[in-house]
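S.K.: Quick one: the structure is below, questions incoming.
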There are 2 protein chains.
Amino acid sequence: MKKLNTSPLSGTQELLPQTQAVFNEHKKHITETFKSYGFQNIETPIIDRDEILFAKAGGDTEKQIYRVIKTTESADDSTQALRFDHTVPLARYIAEHQSDIAFPFRVSQIGRNFRGERAQKGRFREFYQCDVDILGRNTLPIAYDAEVIATLAEALSTFDLPGLEIRISNRKLLTGLLESIAEETRAEIFSIVDHAEKVPPETTMESLNSLNLPEDIVVKITTFINIKGNSTEVSQKLDNLDIQNETFNQGKAELLAVLKLLEDQEITAAYADMLIVRGLDYYTGTVFETFMKDYHSLGSICSGGRYENLTSFYSAEKFPGVGGSIGLTRLFYVLSANGLLREQIVQPVDIAIIPISGAEQTFATNLAKKLRQKGNSTDVILTDKKLGDKLTHASRIAKSAIVVGESEKNGETPLKIKDFATGETRDLL
Amino acid sequence: MKKLNTSPLSGTQELLPQTQAVFNEHKKHITETFKSYGFQNIETPIIDRDEILFAKAGGDTEKQIYRVIKTTESADDSTQALRFDHTVPLARYIAEHQSDIAFPFRVSQIGRNFRGERAQKGRFREFYQCDVDILGRNTLPIAYDAEVIATLAEALSTFDLPGLEIRISNRKLLTGLLESIAEETRAEIFSIVDHAEKVPPETTMESLNSLNLPEDIVVKITTFINIKGNSTEVSQKLDNLDIQNETFNQGKAELLAVLKLLEDQEITAAYADMLIVRGLDYYTGTVFETFMKDYHSLGSICSGGRYENLTSFYSAEKFPGVGGSIGLTRLFYVLSANGLLREQIVQPVDIAIIPISGAEQTFATNLAKKLRQKGNSTDVILTDKKLGDKLTHASRIAKSAIVVGESEKNGETPLKIKDFATGETRDLL
């Protein structure tokens with residue numbers, strides 16, 4: 001019989017147990033950080049109505065959505081698809097359960113999402129995202145924007161990332177700047193600024209020049225793009241632009257408030273950077289992206305921002321919110337591929353107990369029970385192989401081993417535990 | 001604009017945050033139990049090639065598989081579907097990664113699976129399953145069957161289930177019994193015995209009588225079906241059947257070995273019951289199902305067994321294994337619907353800090369940091385509402401609250417924490 005191709009589909013993550021254990025440890029740290037910051041975890045279904053999922057999608061995302069069909073379709077089935085992010089199902093969740101939720105609602109979601117992206121190294125079609133969002137009913141103070149960024153910064157600390165940079169801006173600044181410029185070129189300038197982060201400065205300059213703008217406008221835009229720094233620096237530089245516009249001033253006040261709150265908490269990785277726009281998304285105020293300094297080409301590993309009315313498709317009420325997401329599968333892949341994983345990949349089991357013969361199995365099983373109650377992950381090796389083979393197996397799965405022979409079982413010889421890393425053997429207390 | 005239907009799809013689970021927290025606690029207990037028994041966690045992709053998923057499926061399962069299609073299909077895509085259990089992806093995983101795995105391999109999987117079952121109360125189309133399996137290369141001693149059952153029994157203890165019954169049999173007993181009977185009726189008798197658990201004894205009797213079997217055969221079969229008890233009882237009763245058949249004797253020896261190992265560990269919920277067959281599945285030896293005595297109609301909440309060669313479609317090597325699965329979503333639903341959840345549904349956040357005005361926000365945020373480091377899930381309420389409104393909000397999300405005013409901030413008044421359950425206020429130490 002022809003054997004089937006057993007490799008996992010390209011664009012999916014499948015790890016060996018030792019590596020999976022490290023992935024799980026990081027996921028657990030993120031989960032616990034979100035919880036410690038008061039975020040309440042929810043899980044939305046992976047399958048949802050496509051009218052819900054397509055309501056907000058557009059452009060590339062819509063093309064990447066996986067539709068699902070049952071092998072046998074029944075009449076009551078609406079057309080269904082797999083969620084492509086946590087944000088759209090969250091909007092539906094808020095609209096559906098709003099009367100049971102206390103606002104402001106700190107909510108976290110950790111799970112797998114699906115996008116049929118072009119298969120490519122490091123691009124995933126099935127991937128974990130770890131999201132936090134805070135939603136208000138009608139209003140939500142700007143201080144919550146800093147809370148979301150502080151929470152994500154703490155969650156990311158599990159990776160001990162080299163050169164972490166959380167770059168923050170506010171969409172109202174660019175909107176306000178554009179409002180002070182002739183209307184017909186606004187969309188094009190927006191697009192040029194939105195792309196400026198990804199292209200050389202000369203390219204941005206050429207694009208701006210091709211629009212035949214007055215020179216003072218070009219200077220203003222290029223000066224704006226290059227503004228970055230802490231709250232004091234940025235406040236001064238934004239003032240120097242001398243823009244008289246209400247939206248711009250509001251954006252400035254919000255950005256400075258967020259920066260100051262993060263500076264108060266000594267989150268030194270965070271700074272303002274006007275290159276951050278997050279153009280096509282639904283953001284209306286604060287926007288942020290996170291990079292590793294020496295791995296800039298890897299793109300943002302944690303992004304988010306403020307949205308004024310995410311639930312507009314689903315509810316007549318208004319729920320402004322702020323949120324962000326860690327792309328865990330991609331981040332783990334990148335760190336692993338670059339040798340940057342902080343945690344060592346080790347044997348996932350703490351102790352392997354080796355009964356020499358069947359006569360010691362019950363004793364070994366009961367010993368395992370006691371060790372488990374003390375918090376040790378404990379395997380009992382129940383094969384009828386030779387002791388040497390059992391020890392080899394133990395060293396492949398566990399950090400240490402206890403051999404139980406007749407004299408150990410009868411209490412004539414004290415139990416000893418062997419540490420495979422050091423080779424040392426000591427009495428089991 | 002017409003607002004969209006925001007209810008989750010029928011057959012999916014969507015919980016409010018307080019209930020989700022209880023679900024998560026149980027899932028965590030199961031996860032940690034599996035780990036403590038030395039099981040190494042893996043995660044396989046939710047999407048897989050349908051030739052893999054369909055290779056073992058058949059009957060109802062095949063009809064229930066969800067196929068996935070991308071909105072824009074690219075040429076390199078094989079036809080894909082959503083996994084319907086953890087067993088088939090595990091077989092593929094073992095075949096694919098066999099050279100990197102140390103056998104016997106204790107492996108756990110906890111995640112969502114998908115089946116397009118007819119929508120019905122308590123029947124889920126998207127559901128969590130928690131699986132443990134132990135696989136050997138070429139051979140796997142029978143003692144591992146007891147390990148799987150002991151692990152699942154301990155994992156289920158998180159629910160403190162009333163009248164838990166783990167009913168165990170061995171497929172070789174029925175196979176051996178049938179080998180001692182004329183061949184042309186074997187398939188029909190197998191089917192009758194397989195269904196005997198779900199129908200009244202009279203129906204089973206009628207079905208047997210309709211086959212025109214010799215009377216001693218009918219007596220033998222009905223006597224067999226009714227055998228249940230501990231290892232001593234069952235050993236005697238099986239001997240009394242007086243069946244001279246190698247397969248039967250092997251099944252008896254295996255069943256008694258498993259029972260004795262569980263009795264040694266004082267797993268009192270486990271007993272032998274010949275009504276357990278698990279007919280259509282791939283089981284070849286040990287089989288078990290788990291019921292709650294007073295909720296028998298709910299069906300088995302944890303089932304499994306021994307399979308000799310699960311990877312036959314994927315690998316030329318033989319990997320016998322034993323495994324079992326807890327249907328977590330369904331179990332949680334049933335317990336919740338019947339008021340049997342042990343854990344109380346409480347506010348998920350430990351402490352809500354309430355700064356009275358913006359001037360105390362930084363102090364409050366830094367206080368939160370300290371409380372989080374001590375393991376408290378801590379929210380800071382940053383709205384500009386009145387103190388009374390903030391306290392009401394705190395009581396809806398948190399177990400306790402700390403109010404920070406100017407004098408608390410300045411250290412003139414000691415910080416106090418109010419417990420909402422007792423109404424008591426005490427100094428924060």
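Each chain of the structure tokens is named A, B, ... in the order shown, its residues numbered from 1; ligands are numbered from 1 in display order.
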At a cut-off of 10 Å, using only C-alpha atoms, what residues contact Val68 of chain A? Leave out same-chain residues fewer than 6 positions from it and give the result as a PyMOL selection string.
M.R.: (chain A and resi 47-50+79-82) or (chain B and resi 65-70+80-82)
S.K.: Give me the residues near Phe319 of chain A as number ranges by chain, where near means some atom within 12 Å (using only C-alpha atoms) and where sequence neighbours in that chain fewer than 2 positions away do not count.
M.R.: A: 90-95, 98, 101, 103-105, 133-140, 306-317, 321-322
S.K.: For atom CA of Leu238 of chain A and atom CA of Asp194 of chain A, quote the distance in Å rounded to one decimal.
M.R.: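 Interatomic distance, atom CA of Leu238 of chain A to atom CA of Asp194 of chain A: 18.3 Å.
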S.K.: When you look at Asp427 of chain B with a cut-off of 9 Å (counting only C-alpha atoms), what residues show up, excluding the ones that are within fewer than 4 positions of it in the same chain? I need them as an MDAnalysis selection string.
M.R.: chainID B and resid 414:418
S.K.: Let's have the selection written as a PDB file, in the first residue's frame, with N, CA and C atoms.
M.R.:
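Written file, selection34.pdb:
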```
ATOM      1  N   PRO B 414      -3.350  54.954  55.934  1.00  0.00           N
ATOM      2  CA  PRO B 414      -2.892  53.640  55.454  1.00  0.00           C
ATOM      3  C   PRO B 414      -3.846  53.084  54.381  1.00  0.00           C
ATOM      4  N   LEU B 415      -3.317  52.294  53.459  1.00  0.00           N
ATOM      5  CA  LEU B 415      -4.138  51.675  52.418  1.00  0.00           C
ATOM      6  C   LEU B 415      -5.015  50.593  53.025  1.00  0.00           C
ATOM      7  N   LYS B 416      -6.284  50.584  52.616  1.00  0.00           N
ATOM      8  CA  LYS B 416      -7.218  49.571  53.112  1.00  0.00           C
ATOM      9  C   LYS B 416      -7.786  48.783  51.942  1.00  0.00           C
ATOM     10  N   ILE B 417      -8.065  47.502  52.187  1.00  0.00           N
ATOM     11  CA  ILE B 417      -8.640  46.650  51.152  1.00  0.00           C
ATOM     12  C   ILE B 417     -10.008  46.153  51.620  1.00  0.00           C
ATOM     13  N   LYS B 418     -10.988  46.305  50.749  1.00  0.00           N
ATOM     14  CA  LYS B 418     -12.367  45.899  51.081  1.00  0.00           C
ATOM     15  C   LYS B 418     -12.680  44.601  50.355  1.00  0.00           C
TER      16      LYS B 418
END
```
S.K.: Please, what distance in Å, to one decimal, runs between atom CA of Glu117 of chain A and atom CA of Arg83 of chain A?
M.R.: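 Answer for the atom CA of Glu117 of chain A to atom CA of Arg83 of chain A separation: 13.7 Å.
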S.K.: Can you pull out every residue from segment 183-302 of chain A that DSSP, working from the backbone, puts in strand (DSSP E or B), and format the result as a list in words?
M.R.: Lys228, Gly229, Ala270, Tyr271, Ala272, Asp273, Thr286, Val287, Phe288, Glu289, Thr290, Phe291, Met292 and Cys302 of chain A
S.K.: Find the residue from B:Thr204, B:Thr362, B:Asn113, B:Gln129 that sits nearest to Ala257 of chain A; use only C-alpha atoms when measuring.
M.R.: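 Smallest distance to Ala257 of chain A is found for B:Thr362.
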S.K.: Which residues come within 10 Å of segment 148-155 of chain B, counting only C-alpha atoms, excluding same-chain residues fewer than 6 positions away, as an MDAnalysis selection string?
M.R.: chainID B and resid 26:39 106 130:134 164:166 168 258 261:262 265:270 288:290 302:306 322:326
S.K.: Need to verify the contact set: Ile353 of chain A, 10 Å, only C-alpha atoms, exclusion of same-chain residues closer than 2 positions in sequence. Can you return it as JSON, numbers by chain?
M.R.: {"A": [351, 355, 356, 361, 364, 365, 367, 368, 378, 379, 380, 381, 382, 390, 391, 394, 398, 400, 401, 402, 403, 404, 417]}
S.K.: For Leu255 of chain A, find every residue with an atom within 10 Å (counting only C-alpha atoms), except residues of its own chain fewer than 2 positions away, and show them as a ChimeraX atom specification.
M.R.: /A:142,145-146,168-173,231,234-235,249-253,257-260,272,285-287
S.K.: Give the answer as one residue: which of A:Phe127, A:Tyr271, A:Tyr295, A:Phe248 has the shortest atom-to-atom distance to chain B, using only C-alpha atoms?
M.R.: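 So, comparing all the options, the nearest one is A:Phe127.
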S.K.: To one decimal in Å, tell me the separation between atom CA of Ser157 of chain B and atom CA of Glu263 of chain B.
M.R.: 16.9 Å
S.K.: Using DSSP assignments from the backbone, pull out every residue in segment 223-319 of chain B that falls under alpha helix (DSSP H) and give it to me as a VMD selection string.
M.R.: chain B and resid 223 to 225 231 to 240 246 to 264
S.K.: Pick from A:Ile52, A:Ile181, A:Val277, A:Val193: nearest to Ser7 of chain B, with only C-alpha atoms counted?
M.R.: A:Ile52
S.K.: Using only C-alpha atoms, pick whichever of B:Glu360, B:Glu408, B:Glu25, B:Glu51 has the shortest atom-to-atom distance to Leu9 of chain A.
M.R.: B:Glu51
